[in-house]
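Chemist: Here it is: the structure, laid out below.
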Amino acid sequence: MDILSLVGVILATVSVLVGSILKGSGIAALVSGAAFMIVICGTLAAVLLQTSMPIMKRSMKIVGWIFRPPGVDSEQMIEKIVSWSQLARKEGLLGLEAVVETESDPFVRKILQLLVDGGEPEVIQSIMDVEIGTREEIDTAAAKVFESMGIYAPTMGIVGAVLGLMAVMQNLADPSKLGSGIAAAFVATIYGIGSANLFFLPMAGKLKSIIHGQTKAREMIVEGVVSIAQGDNPRNIETKLKGYLE
């Protein structure tokens, strides 16, 4: 569990609610079905219009990473790679065949299988670089879905505010409705700016950071396995890979 993300969401919600109370507006003033429909549903509609189905599905899968990021223990992975290199020096690359079946990560299984099959270091590097690049591109595009929501939401908030003010203009003959009408109009602006800057944009930033970390971890694995294929000394491999931890 990512405690910072959980605290961030709670603090963001509390800051708006308590701020509204301290300003004298009250929580009830923030409740508006019309503002929700215009801002949140309108933002979702805009994102659906610009996003392909595979990317949208991927974004729904990775949103959970904000609270439970897929952890990669780099130090443990370095130990495993060093042990693979030691085994390869003792028994040859075919000695790693049994290791392939024990790995649960498809990425690790694939690169180990390439190694066991006798792939040249350049070939292994080329194949896995393509996979790393493709994964990063797809996941980044999925993260940008939330970034797009953060861009559209404030604009939809302005649309909601304008529509609310139009409704107020229609009731100028009744001064008793002006105050509440104007207040309701600006709720949409709060929904738009608040959701963008407190949730959507931070979510996109967090996901991009996680994706970057995953890419670096995969690059480290590729570097280690290619070094094994080149017959590098296990101690030199360990020293090289520890540079990724810094």
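Ordering of the structure tokens sets the chain letters (A, B, ...); residue numbers start at 1 within each chain; ligands are numbered from 1 in the order shown.
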Show me, as an MDAnalysis selection string, the residues that have an atom within 12 Å of A:Gly119 when counting only C-alpha atoms, minus same-chain residues fewer than 2 positions from it.
Modeler: chainID A and resid 93:94 110:117 121:128 225:226 228:230
Chemist: So which residues touch A:Ile66 within 8 Å, counting only C-alpha atoms, skipping near sequence neighbours fewer than 6 positions away, as a ChimeraX atom specification?
Modeler: /A:2,5,203,206-207
Chemist: Save the residues we just selected, N, CA, C and O atoms, as a PDB file, in the first residue's frame?
Modeler:
ATOM      1  N   ASP A   2       0.602   2.161  -0.925  1.00  0.00           N
ATOM      2  CA  ASP A   2       1.320   3.429  -0.982  1.00  0.00           C
ATOM      3  C   ASP A   2       0.634   4.404  -0.019  1.00  0.00           C
ATOM      4  O   ASP A   2      -0.411   4.970  -0.330  1.00  0.00           O
ATOM      5  N   SER A   5      -0.068   8.107  -1.239  1.00  0.00           N
ATOM      6  CA  SER A   5      -1.239   8.283  -2.104  1.00  0.00           C
ATOM      7  C   SER A   5      -2.522   8.315  -1.282  1.00  0.00           C
ATOM      8  O   SER A   5      -3.407   9.149  -1.518  1.00  0.00           O
ATOM      9  N   MET A 203      -2.652  11.985 -10.124  1.00  0.00           N
ATOM     10  CA  MET A 203      -2.728  10.557 -10.459  1.00  0.00           C
ATOM     11  C   MET A 203      -1.870  10.250 -11.679  1.00  0.00           C
ATOM     12  O   MET A 203      -1.121   9.261 -11.695  1.00  0.00           O
ATOM     13  N   LYS A 206       1.813  10.365 -10.734  1.00  0.00           N
ATOM     14  CA  LYS A 206       2.224   9.198  -9.950  1.00  0.00           C
ATOM     15  C   LYS A 206       2.394   7.976 -10.848  1.00  0.00           C
ATOM     16  O   LYS A 206       3.370   7.225 -10.728  1.00  0.00           O
ATOM     17  N   LEU A 207       1.459   7.777 -11.760  1.00  0.00           N
ATOM     18  CA  LEU A 207       1.524   6.630 -12.653  1.00  0.00           C
ATOM     19  C   LEU A 207       2.747   6.715 -13.567  1.00  0.00           C
ATOM     20  O   LEU A 207       3.422   5.710 -13.814  1.00  0.00           O
TER      21      LEU A 207
END
Chemist: Which one is closest to A:Asp139: A:Val7, A:Val222, A:Met60, A:Ala34? Count only C-alpha atoms.
Modeler: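 Checking each candidate against A:Asp139, we get A:Met60 as the closest.
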Chemist: Would you write out, as JSON lines, a table of all residues in stretch 166-231 of chain A that have an atom no more than 8 Å from an atom of stretch 37-52 of chain A, listing for each the closest atom pair and the distance in Å to one decimal, considering only C-alpha atoms and ordering rows by chain and rising residue number?
Modeler:
{"residue": "A:Ala188", "atom": "CA", "partner": "A:Val39", "partner_atom": "CA", "distance": 6.6}
{"residue": "A:Tyr191", "atom": "CA", "partner": "A:Val39", "partner_atom": "CA", "distance": 6.7}
{"residue": "A:Gly192", "atom": "CA", "partner": "A:Val39", "partner_atom": "CA", "distance": 5.9}
Chemist: Rounded to one decimal, what separation in Å do you get between atom CA of A:Lys90 and atom CA of A:Ala217?
Modeler: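 Taking atom CA of A:Lys90 as the start and atom CA of A:Ala217 as the end point, the length is 26.5 Å.
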Chemist: Hey, what's within 12 Å of A:Ile193 if we count only C-alpha atoms and toss same-chain stuff fewer than 5 positions away? As a PyMOL selection string, please?
Modeler: chain A and resi 16+39-40+43+149-158+160-161+186-188+198-201
Chemist: Smallest atom-to-atom distance to A:Ala35: which of A:Asn233, A:Ser209, A:Thr189, A:Ser227, using only C-alpha atoms?
Modeler: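 Selected residue with least distance to A:Ala35: A:Thr189.
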Chemist: Which residues are near A:Arg235? Cut-off 9 Å, only C-alpha atoms, ignore same chain within fewer than 4 positions. Put them as a list in words.
Modeler: Val82, Thr239 and Lys240 of chain A
Chemist: Which residues come within 8 Å of A:Lys242, counting only C-alpha atoms, excluding same-chain residues fewer than 3 positions away, as a PyMOL selection string?
Modeler: chain A and resi 75+78+238-239+245-246
Chemist: Given the selection you just returned, output its residues as a file containing N, CA and C atoms, formatted as a PDB file, in the first residue's frame.
Modeler:
ATOM      1  N   GLU A  75      17.292  -4.979  -5.498  1.00  0.00           N
ATOM      2  CA  GLU A  75      18.405  -5.649  -4.832  1.00  0.00           C
ATOM      3  C   GLU A  75      18.251  -7.167  -4.920  1.00  0.00           C
ATOM      4  N   ILE A  78      19.020  -8.264  -8.459  1.00  0.00           N
ATOM      5  CA  ILE A  78      20.460  -8.299  -8.729  1.00  0.00           C
ATOM      6  C   ILE A  78      21.059  -9.595  -8.184  1.00  0.00           C
ATOM      7  N   GLU A 238      27.538  -7.839 -10.925  1.00  0.00           N
ATOM      8  CA  GLU A 238      26.943  -7.282  -9.709  1.00  0.00           C
ATOM      9  C   GLU A 238      27.311  -5.810  -9.544  1.00  0.00           C
ATOM     10  N   THR A 239      28.577  -5.494  -9.765  1.00  0.00           N
ATOM     11  CA  THR A 239      29.034  -4.107  -9.635  1.00  0.00           C
ATOM     12  C   THR A 239      28.327  -3.207 -10.638  1.00  0.00           C
ATOM     13  N   LEU A 245      20.833   1.059  -8.758  1.00  0.00           N
ATOM     14  CA  LEU A 245      20.211   1.345  -7.454  1.00  0.00           C
ATOM     15  C   LEU A 245      20.432   2.793  -7.056  1.00  0.00           C
ATOM     16  N   GLU A 246      21.459   3.427  -7.591  1.00  0.00           N
ATOM     17  CA  GLU A 246      21.740   4.802  -7.231  1.00  0.00           C
ATOM     18  C   GLU A 246      20.855   5.790  -7.956  1.00  0.00           C
TER      19      GLU A 246
END
Chemist: Write out as a ChimeraX atom specification all residues of stretch 7-221 of chain A that backbone DSSP assigns to alpha helix (DSSP H).
Modeler: /A:7-22,33-36,42-50,53-62,74-91,97-102,106-116,121-169,178-195,201-221
Chemist: What does the structure give for the distance between atom CA of A:Lys216 and atom CA of A:Asn197, in Å to one decimal?
Modeler: 27.8 Å
Chemist: With only C-alpha atoms as the basis for distance, which of A:Leu6, A:Thr140, A:Leu22, A:Gly243 is at the shortest distance from A:Met220?
Modeler: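 Closest to A:Met220 of all the choices is A:Gly243.
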Chemist: At what distance in Å, to one decimal, does atom CA of A:Pro106 lie from atom CA of A:Met77?
Modeler: 14.5 Å
Chemist: Pick out the residues sitting within 12 Å of A:Ala183, and hand them over as an MDAnalysis selection string; count only C-alpha atoms, and ignore anything fewer than 6 positions along from it in its own chain.
Modeler: chainID A and resid 25:26 28:32 35 160:161 164:165 167:168 177 189:190
Chemist: Deliver the residues from the most recent selection as a file, using N, CA and C atoms, as an mmCIF file, in the first residue's frame.
Modeler:
data_model
loop_
_atom_site.group_PDB
_atom_site.id
_atom_site.type_symbol
_atom_site.label_atom_id
_atom_site.label_comp_id
_atom_site.auth_asym_id
_atom_site.auth_seq_id
_atom_site.Cartn_x
_atom_site.Cartn_y
_atom_site.Cartn_z
ATOM 1 N N SER A 25 -19.494 28.487 3.837
ATOM 2 C CA SER A 25 -20.388 27.978 2.796
ATOM 3 C C SER A 25 -21.083 26.698 3.227
ATOM 4 N N GLY A 26 -20.349 25.849 3.955
ATOM 5 C CA GLY A 26 -20.908 24.576 4.380
ATOM 6 C C GLY A 26 -20.732 23.510 3.314
ATOM 7 N N ALA A 28 -22.988 21.398 2.280
ATOM 8 C CA ALA A 28 -24.156 21.293 1.396
ATOM 9 C C ALA A 28 -24.010 22.151 0.150
ATOM 10 N N ALA A 29 -23.268 23.238 0.270
ATOM 11 C CA ALA A 29 -23.090 24.134 -0.878
ATOM 12 C C ALA A 29 -22.281 23.489 -1.993
ATOM 13 N N LEU A 30 -21.500 22.453 -1.646
ATOM 14 C CA LEU A 30 -20.669 21.782 -2.643
ATOM 15 C C LEU A 30 -21.401 20.664 -3.378
ATOM 16 N N VAL A 31 -22.584 20.339 -2.922
ATOM 17 C CA VAL A 31 -23.347 19.236 -3.527
ATOM 18 C C VAL A 31 -24.211 19.779 -4.648
ATOM 19 N N SER A 32 -23.922 19.314 -5.864
ATOM 20 C CA SER A 32 -24.696 19.760 -7.029
ATOM 21 C C SER A 32 -24.693 18.670 -8.084
ATOM 22 N N ALA A 35 -23.745 20.157 -11.542
ATOM 23 C CA ALA A 35 -22.303 20.371 -11.702
ATOM 24 C C ALA A 35 -21.582 19.055 -11.933
ATOM 25 N N GLY A 160 -19.852 24.689 -17.008
ATOM 26 C CA GLY A 160 -20.899 24.575 -15.996
ATOM 27 C C GLY A 160 -21.216 25.911 -15.345
ATOM 28 N N ALA A 161 -20.166 26.717 -15.094
ATOM 29 C CA ALA A 161 -20.377 28.026 -14.485
ATOM 30 C C ALA A 161 -21.160 28.945 -15.414
ATOM 31 N N GLY A 164 -24.718 27.956 -15.474
ATOM 32 C CA GLY A 164 -25.377 28.386 -14.243
ATOM 33 C C GLY A 164 -25.697 29.868 -14.254
ATOM 34 N N LEU A 165 -24.761 30.662 -14.761
ATOM 35 C CA LEU A 165 -25.001 32.109 -14.833
ATOM 36 C C LEU A 165 -26.108 32.441 -15.828
ATOM 37 N N ALA A 167 -28.697 30.600 -16.255
ATOM 38 C CA ALA A 167 -29.929 30.345 -15.504
ATOM 39 C C ALA A 167 -30.231 31.504 -14.555
ATOM 40 N N VAL A 168 -29.172 32.091 -13.971
ATOM 41 C CA VAL A 168 -29.362 33.235 -13.067
ATOM 42 C C VAL A 168 -29.926 34.424 -13.824
ATOM 43 N N LYS A 177 -33.426 34.957 -5.713
ATOM 44 C CA LYS A 177 -32.810 33.766 -6.290
ATOM 45 C C LYS A 177 -31.397 34.029 -6.820
ATOM 46 N N THR A 189 -17.238 25.235 -11.235
ATOM 47 C CA THR A 189 -15.834 25.632 -11.354
ATOM 48 C C THR A 189 -14.984 24.926 -10.311
ATOM 49 N N ILE A 190 -15.518 24.810 -9.100
ATOM 50 C CA ILE A 190 -14.803 24.107 -8.031
ATOM 51 C C ILE A 190 -14.613 22.641 -8.401
#
